[in-house]
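The file protein_36.txt comes next; it holds compact mmCIF, C-alpha atoms.
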```
# COMPACT_ATOMS: atom_id res chain seq x y z
CA MET A 49 -13.70 30.87 -37.16
CA ASP A 50 -13.45 27.95 -39.58
CA LEU A 51 -13.02 24.37 -38.50
CA GLN A 52 -9.37 24.20 -39.45
CA THR A 53 -8.34 27.04 -37.15
CA PHE A 54 -10.53 25.52 -34.45
CA PHE A 55 -8.77 22.16 -34.62
CA ALA A 56 -5.35 23.77 -34.92
CA MET A 57 -5.76 25.30 -31.42
CA GLY A 58 -3.24 28.04 -32.21
CA GLY A 59 -0.50 25.45 -32.72
CA TYR A 60 -1.24 23.55 -29.52
CA ALA A 61 -3.47 20.96 -31.21
CA PHE A 62 -1.40 17.97 -30.02
CA TYR A 63 -1.44 18.97 -26.33
CA VAL A 64 -5.06 20.11 -26.22
CA TRP A 65 -6.61 17.24 -28.15
CA THR A 66 -4.49 14.56 -26.50
CA SER A 67 -5.66 15.88 -23.12
CA TYR A 68 -9.31 15.82 -24.12
CA GLY A 69 -8.90 12.42 -25.77
CA ILE A 70 -7.33 10.77 -22.73
CA CYS A 71 -9.91 12.36 -20.44
CA CYS A 72 -12.72 11.04 -22.62
CA VAL A 73 -11.28 7.51 -22.83
CA VAL A 74 -10.70 7.21 -19.08
CA LEU A 75 -14.16 8.52 -18.14
CA VAL A 76 -15.97 6.34 -20.67
CA LEU A 77 -14.03 3.22 -19.68
CA ASN A 78 -14.79 3.75 -16.01
CA VAL A 79 -18.54 3.52 -16.58
CA VAL A 80 -18.44 0.89 -19.33
CA VAL A 81 -16.43 -1.52 -17.16
CA SER A 82 -18.99 -1.26 -14.33
CA ILE A 83 -21.96 -1.80 -16.65
CA ARG A 84 -20.29 -4.77 -18.36
CA LYS A 85 -19.30 -6.41 -15.12
CA ARG A 86 -22.82 -6.01 -13.75
CA ARG A 87 -24.38 -7.56 -16.84
CA GLN A 88 -21.92 -10.44 -16.66
CA PHE A 89 -22.58 -10.95 -12.97
CA LEU A 90 -26.35 -10.93 -13.39
CA ARG A 91 -26.14 -13.46 -16.22
CA GLN A 92 -23.93 -15.71 -14.13
CA LEU A 93 -26.29 -15.45 -11.18
CA ALA A 94 -29.32 -16.19 -13.35
CA ARG A 95 -27.64 -19.32 -14.71
CA LYS A 96 -26.83 -20.49 -11.21
CA GLN A 97 -30.38 -19.90 -10.09
CA ALA A 98 -31.78 -21.79 -13.08
CA ARG A 99 -29.52 -24.75 -12.24
CA GLN A 100 -30.72 -24.80 -8.67
CA ASN A 101 -34.37 -24.63 -9.68
CA SER A 102 -34.21 -27.45 -12.21
CA MET B 99 -36.07 10.15 18.35
CA ALA B 100 -38.57 12.99 18.40
CA LEU B 101 -35.68 15.34 17.66
CA ILE B 102 -35.52 14.19 14.06
CA PRO B 103 -38.66 14.60 11.92
CA ALA B 104 -40.26 11.33 10.88
CA PRO B 105 -39.85 11.81 7.09
CA VAL B 106 -36.11 12.29 7.54
CA VAL B 107 -35.86 9.09 9.55
CA ARG B 108 -37.89 7.26 6.91
CA PHE B 109 -35.69 8.58 4.11
CA TYR B 110 -32.60 7.56 6.03
CA HIS B 111 -33.84 4.02 6.56
CA ARG B 112 -34.83 3.75 2.92
CA MET B 113 -31.44 4.88 1.68
CA ALA B 114 -29.76 2.40 3.99
CA SER B 115 -31.89 -0.43 2.62
CA PRO B 116 -30.21 -2.14 -0.36
CA PRO B 117 -33.30 -2.90 -2.50
CA HIS B 118 -34.56 0.66 -2.15
CA PHE B 119 -31.17 2.09 -2.92
CA TYR B 120 -30.87 -0.10 -6.00
CA ALA B 121 -34.34 0.80 -7.29
CA LEU B 122 -33.81 4.51 -6.60
CA THR B 123 -30.48 4.64 -8.41
CA GLU B 124 -32.05 2.87 -11.41
CA LYS B 125 -34.77 5.49 -11.48
CA LEU B 126 -32.40 8.44 -11.04
CA MET B 127 -29.84 7.31 -13.61
CA PRO B 128 -31.46 8.68 -16.82
CA TRP B 129 -31.89 12.09 -15.18
CA LEU B 130 -28.31 12.21 -13.99
CA VAL B 131 -27.07 11.25 -17.45
CA ALA B 132 -29.29 13.88 -19.11
CA ILE B 133 -28.07 16.68 -16.82
CA PHE B 134 -24.47 15.55 -17.29
CA VAL B 135 -24.71 15.57 -21.09
CA VAL B 136 -26.29 19.04 -21.18
CA LEU B 137 -23.71 20.52 -18.79
CA LEU B 138 -20.86 18.85 -20.67
CA ALA B 139 -22.09 20.23 -24.02
CA ILE B 140 -22.42 23.76 -22.63
CA GLY B 141 -19.06 23.57 -20.87
CA LEU B 142 -17.17 22.27 -23.92
CA TYR B 143 -18.82 24.76 -26.27
CA GLY B 144 -18.02 27.63 -23.92
CA GLY B 145 -14.51 26.48 -23.16
CA LEU B 146 -13.28 25.33 -26.55
CA TYR B 147 -15.17 27.73 -28.82
CA LEU B 148 -16.62 30.80 -27.11
CA ALA B 149 -13.85 31.64 -24.65
CA PRO B 150 -11.04 33.77 -26.16
CA PRO B 151 -7.43 32.50 -26.24
CA ASP B 152 -5.32 33.46 -23.24
CA TYR B 153 -3.09 36.49 -23.80
CA GLN B 154 -0.02 34.64 -22.53
CA GLN B 155 -0.71 30.95 -23.13
CA GLY B 156 -2.72 31.14 -26.35
CA ASP B 157 -5.01 28.19 -26.91
CA SER B 158 -2.99 25.77 -24.78
CA TYR B 159 -4.75 27.07 -21.67
CA ARG B 160 -7.95 25.34 -22.84
CA ILE B 161 -6.65 22.22 -21.12
CA ILE B 162 -7.78 24.03 -17.95
CA TYR B 163 -11.38 22.99 -18.66
CA ILE B 164 -10.61 19.37 -17.90
CA HIS B 165 -7.45 19.71 -15.83
CA VAL B 166 -8.80 21.92 -13.04
CA PRO B 167 -12.23 20.25 -12.67
CA SER B 168 -10.48 16.85 -12.58
CA ALA B 169 -8.08 18.05 -9.91
CA TRP B 170 -10.97 19.47 -7.88
CA MET B 171 -12.84 16.19 -8.23
CA SER B 172 -9.79 14.18 -7.16
CA LEU B 173 -9.85 16.04 -3.81
CA PHE B 174 -13.65 16.17 -3.47
CA ILE B 175 -14.08 12.45 -4.12
CA TYR B 176 -11.32 11.58 -1.68
CA VAL B 177 -13.12 13.49 1.07
CA MET B 178 -16.43 11.84 0.10
CA MET B 179 -14.73 8.45 0.25
CA ALA B 180 -13.22 9.13 3.68
CA VAL B 181 -16.52 10.45 5.08
CA ALA B 182 -18.49 7.49 3.71
CA GLY B 183 -15.79 5.19 5.05
CA ALA B 184 -16.04 6.77 8.50
CA ILE B 185 -19.84 6.44 8.51
CA GLY B 186 -19.48 2.78 7.56
CA LEU B 187 -16.84 2.28 10.23
CA ILE B 188 -18.85 3.89 13.03
CA TRP B 189 -22.44 2.87 12.24
CA ARG B 190 -21.71 -0.27 10.24
CA ILE B 191 -23.94 0.88 7.40
CA LYS B 192 -23.36 -1.40 4.46
CA LEU B 193 -24.30 1.22 1.88
CA ALA B 194 -21.81 3.73 3.26
CA GLU B 195 -19.09 1.10 2.83
CA ILE B 196 -20.22 0.54 -0.75
CA VAL B 197 -20.27 4.27 -1.55
CA ALA B 198 -16.75 4.57 -0.12
CA ILE B 199 -15.20 1.82 -2.23
CA SER B 200 -17.22 2.77 -5.32
CA SER B 201 -15.83 6.29 -5.09
CA ALA B 202 -12.24 5.05 -5.16
CA SER B 203 -12.07 4.05 -8.83
CA VAL B 204 -13.75 7.28 -9.97
CA GLY B 205 -11.39 9.31 -7.79
CA ALA B 206 -8.37 7.46 -9.14
CA SER B 207 -9.55 8.17 -12.69
CA PHE B 208 -9.86 11.89 -12.03
CA THR B 209 -6.48 12.00 -10.30
CA PHE B 210 -4.91 10.23 -13.28
CA ILE B 211 -6.58 12.70 -15.68
CA ALA B 212 -5.42 15.68 -13.60
CA LEU B 213 -1.83 14.39 -13.68
CA VAL B 214 -1.75 13.51 -17.38
CA THR B 215 -3.46 16.70 -18.60
CA GLY B 216 -1.21 18.70 -16.29
CA SER B 217 1.77 17.05 -17.90
CA LEU B 218 0.43 17.79 -21.38
CA TRP B 219 -0.08 21.40 -20.35
CA GLY B 220 3.28 21.66 -18.61
CA LYS B 221 5.27 20.55 -21.64
CA PRO B 222 4.44 23.54 -23.90
CA MET B 223 4.22 26.07 -21.02
CA TRP B 224 7.03 25.06 -18.65
CA GLY B 225 9.09 23.09 -21.15
CA THR B 226 8.92 19.91 -19.09
CA TRP B 227 6.48 17.02 -18.69
CA TRP B 228 7.11 16.67 -14.98
CA VAL B 229 8.82 18.35 -12.04
CA TRP B 230 8.98 17.14 -8.47
CA ASP B 231 7.37 20.24 -7.03
CA ALA B 232 5.00 20.13 -4.05
CA ARG B 233 1.74 20.30 -5.99
CA LEU B 234 2.60 17.60 -8.51
CA THR B 235 4.18 15.31 -5.95
CA SER B 236 1.30 15.52 -3.48
CA GLU B 237 -1.19 14.84 -6.30
CA LEU B 238 0.84 11.78 -7.30
CA ILE B 239 0.69 10.59 -3.68
CA LEU B 240 -3.09 10.99 -3.90
CA LEU B 241 -3.14 8.63 -6.88
CA PHE B 242 -1.15 6.08 -4.87
CA LEU B 243 -3.58 6.46 -1.96
CA TYR B 244 -6.49 5.71 -4.27
CA LEU B 245 -4.67 2.72 -5.75
CA GLY B 246 -3.80 1.57 -2.23
CA VAL B 247 -7.45 1.70 -1.22
CA ILE B 248 -8.52 -0.30 -4.28
CA GLY B 249 -5.71 -2.82 -3.86
CA LEU B 250 -6.35 -3.32 -0.15
CA TYR B 251 -10.07 -3.82 -0.77
CA ASN B 252 -9.43 -6.44 -3.42
CA ALA B 253 -6.84 -8.24 -1.28
CA ILE B 254 -9.26 -9.00 1.57
CA ASP B 255 -11.92 -11.58 0.78
CA ASP B 256 -14.40 -10.71 3.52
CA LYS B 257 -15.86 -7.46 2.23
CA ARG B 258 -17.01 -6.18 5.63
CA THR B 259 -13.46 -6.51 6.94
CA ALA B 260 -12.06 -5.08 3.71
CA SER B 261 -14.30 -2.03 4.09
CA LYS B 262 -13.05 -1.44 7.61
CA ALA B 263 -9.42 -1.59 6.53
CA VAL B 264 -10.07 0.65 3.54
CA ALA B 265 -11.90 3.24 5.66
CA ILE B 266 -8.96 3.50 8.05
CA LEU B 267 -6.49 3.89 5.18
CA ALA B 268 -8.72 6.54 3.57
CA LEU B 269 -9.02 8.46 6.84
CA VAL B 270 -5.29 8.47 7.43
CA GLY B 271 -4.75 9.73 3.89
CA VAL B 272 -7.02 12.74 4.45
CA VAL B 273 -3.89 14.46 5.80
CA ASN B 274 -2.75 14.77 2.19
CA ILE B 275 -5.80 16.80 1.10
CA PRO B 276 -4.93 20.18 2.70
CA VAL B 277 -1.31 19.58 1.69
CA ILE B 278 -2.35 19.39 -1.97
CA HIS B 279 -4.65 22.38 -1.71
CA TYR B 280 -2.20 24.70 0.01
CA SER B 281 0.96 23.33 -1.59
CA VAL B 282 1.10 26.22 -4.07
CA GLU B 283 1.04 28.69 -1.20
CA TRP B 284 3.24 26.90 1.33
CA TRP B 285 6.01 26.07 -1.08
CA ASN B 286 7.54 27.86 -3.99
CA THR B 287 6.15 25.70 -6.78
CA LEU B 288 6.47 25.76 -10.54
CA HIS B 289 2.74 25.08 -10.60
CA GLN B 290 0.85 28.36 -10.68
CA GLY B 291 -1.10 29.65 -7.68
CA PRO B 292 -4.88 29.49 -7.33
CA THR B 293 -6.82 31.34 -10.01
CA VAL B 294 -10.41 30.70 -9.02
CA THR B 295 -10.56 30.03 -5.29
CA LYS B 296 -8.96 33.29 -4.27
CA MET B 297 -11.34 34.86 -1.80
CA ASP B 298 -11.24 38.48 -2.98
CA LYS B 299 -11.37 38.25 -6.73
CA PRO B 300 -10.62 35.39 -9.10
CA SER B 301 -7.89 36.33 -11.56
CA ILE B 302 -9.71 34.92 -14.55
CA HIS B 303 -12.15 36.61 -16.93
CA VAL B 304 -15.86 35.72 -16.72
CA SER B 305 -15.96 34.33 -20.28
CA MET B 306 -13.25 31.86 -19.23
CA LEU B 307 -14.57 31.26 -15.72
CA VAL B 308 -18.16 30.32 -16.59
CA PRO B 309 -17.26 27.30 -18.79
CA LEU B 310 -14.84 26.17 -16.09
CA LEU B 311 -17.56 26.17 -13.44
CA VAL B 312 -19.99 24.44 -15.82
CA MET B 313 -17.40 21.73 -16.51
CA ALA B 314 -16.87 21.34 -12.76
CA ALA B 315 -20.62 20.83 -12.32
CA ALA B 316 -20.66 18.33 -15.22
CA PHE B 317 -17.87 16.34 -13.57
CA LYS B 318 -19.82 16.26 -10.30
CA PHE B 319 -22.66 14.58 -12.17
CA TYR B 320 -20.24 12.23 -13.86
CA TYR B 321 -19.00 11.22 -10.42
CA LEU B 322 -22.55 10.44 -9.29
CA ILE B 323 -23.19 8.38 -12.42
CA ALA B 324 -19.94 6.41 -12.32
CA MET B 325 -20.00 5.93 -8.55
CA LEU B 326 -23.61 4.71 -8.52
CA LYS B 327 -22.97 2.34 -11.45
CA ARG B 328 -20.07 0.85 -9.52
CA ALA B 329 -22.14 0.78 -6.31
CA GLN B 330 -24.91 -1.20 -8.02
CA LEU B 331 -22.42 -3.86 -9.07
CA GLU B 332 -20.85 -3.96 -5.63
CA LEU B 333 -24.28 -4.20 -3.98
CA LEU B 334 -25.39 -7.09 -6.19
CA GLN B 335 -22.19 -8.99 -5.47
CA ARG B 336 -22.57 -8.57 -1.74
CA GLU B 337 -26.29 -9.32 -1.70
CA ARG B 338 -26.24 -12.18 -4.18
CA THR B 339 -27.93 -14.59 -1.78
CA SER B 340 -30.56 -12.16 -0.51
CA ALA B 341 -34.27 -12.43 -1.33
CA TRP B 342 -34.51 -9.15 -3.25
CA VAL B 343 -31.75 -10.03 -5.71
CA LYS B 344 -33.32 -13.44 -6.35
CA LYS B 345 -36.70 -11.82 -6.86
CA MET B 346 -35.26 -9.28 -9.27
CA LEU B 347 -33.57 -12.02 -11.27
CA ALA B 348 -36.77 -14.05 -11.40
CA GLU B 349 -38.69 -11.02 -12.68
CA GLN B 350 -36.14 -10.36 -15.39
CA GLN B 351 -36.54 -13.78 -16.93
```
Can the structure in the file be given as structure tokens, please?
Amino acid sequence: MDLQTFFAMGGYAFYVWTSYGICCVVLVLNVVVSIRKRRQFLRQLARKQARQNS
Amino acid sequence: MALIPAPVVRFYHRMASPPHFYALTEKLMPWLVAIFVVLLAIGLYGGLYLAPPDYQQGDSYRIIYIHVPSAWMSLFIYVMMAVAGAIGLIWRIKLAEIVAISSASVGASFTFIALVTGSLWGKPMWGTWWVWDARLTSELILLFLYLGVIGLYNAIDDKRTASKAVAILALVGVVNIPVIHYSVEWWNTLHQGPTVTKMDKPSIHVSMLVPLLVMAAAFKFYYLIAMLKRAQLELLQRERTSAWVKKMLAEQQ
């Protein structure tokens, strides 16, 4: 099977790849948001601690 | 206490202790991610490439490899959330409360994916994006339950109180879980009946079934990863004034 037939998905390319795309975006975002928020929170906390110590 | 072996008790106390939980999840994370990536690669390769097209639905059926595992996860995570919520409610274990609320956003994501991919599968197969049949409607209610849990938690400032309220809401909503599962049998739905969980013999060929089960396993690991990432954040926010968080911050600098 060549790549073109693979991506064509027997004519259902739009439905199949949109499904996989949305799934991917939602799952990636879910983790990225948590990691970002944690980093932000830790930075904020570190700043606060540094202020209190000085 | 002699009824329970000492190592079990020790493990239990460790898991209920925030600094240990945080350190353990940090250590486990790379392994969980590695297993998830391997399973995902195998599942996608098997499902999108190796498995033959369906004799009726052609290649459109390949949406099954994310649709069905997502739908399974939406139910599984809800039960996990309700059980963790109940444990937090009864024994006042802070970590159970955190696991409960951290599960909610992951569960909502999977429910959303199940609904959207179902819609994208329904359009070419049924000729419609959406019908108000029992399966689709009860799954939509599940999404609202998840969103209700998240909203309620965010609306209450005191997080111990918020966890109590959320646990009660989650427990009440458990009623919806068997309704979703059996909806295709109890009512005459446009949604097809069960293909895999039929007790006698699944009506799906092995070459199609194996990737589906591998994807389901991959999504389980994704849940662990996403839930634990969220739990770490939640834990830090709740424990911001505690000695172990301060110590960790001091060590990082």
Subject >> Shell of 10 Å around segment 56-58 of chain A, all atoms listed in the file, local chain residues under 6 positions omitted, as a list of chain:residue names >> reply: A:Val64, A:Trp65, B:Leu146, B:Pro151, B:Gln155, B:Gly156, B:Asp157, B:Ser158, B:Tyr159, B:Arg160
**OP:** Could you please select, counting only C-alpha atoms, the residues of chain B within 7 Å of chain A and state them as a list in words?
**Re:**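 The complete set of qualifying residues is Gly156, Asp157, Ser158, Arg160, Ile161, Ser207, Ile211, Thr215, Leu218, Trp219, Ala324, Lys327, Arg328, Leu331 and Leu347 of chain B.
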Original post:
Between atom CA of Arg258 of chain B and atom CA of Ile239 of chain B, what is the spacing in Å?
Top reply: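 Separating atom CA of Ile239 of chain B from atom CA of Arg258 of chain B is a distance of 26.1 Å.
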Original post:
Of the candidates B:Pro150, B:Pro167, B:Pro128, B:Gly225, which shows the shortest atom-to-atom distance to Ile323 of chain B, using only C-alpha atoms?
Top reply: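 Once distances to Ile323 of chain B are computed over only C-alpha atoms, the minimum belongs to B:Pro128.
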**OP:** Quick one: everything within 10 Å of Leu307 of chain B, counting all atoms listed in the file, minus sequence neighbours fewer than 2 positions away in the same chain. Send it as a PyMOL selection string.
**Re:** chain B and resi 144-145+149+163+293-294+300-305+309-313
**OP:** Report the distance between atom CA of Tyr176 of chain B and atom CA of Ile266 of chain B in Å, rounded to one decimal place.
**Re:**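 Result for atom CA of Tyr176 of chain B versus atom CA of Ile266 of chain B: 12.9 Å, one decimal.
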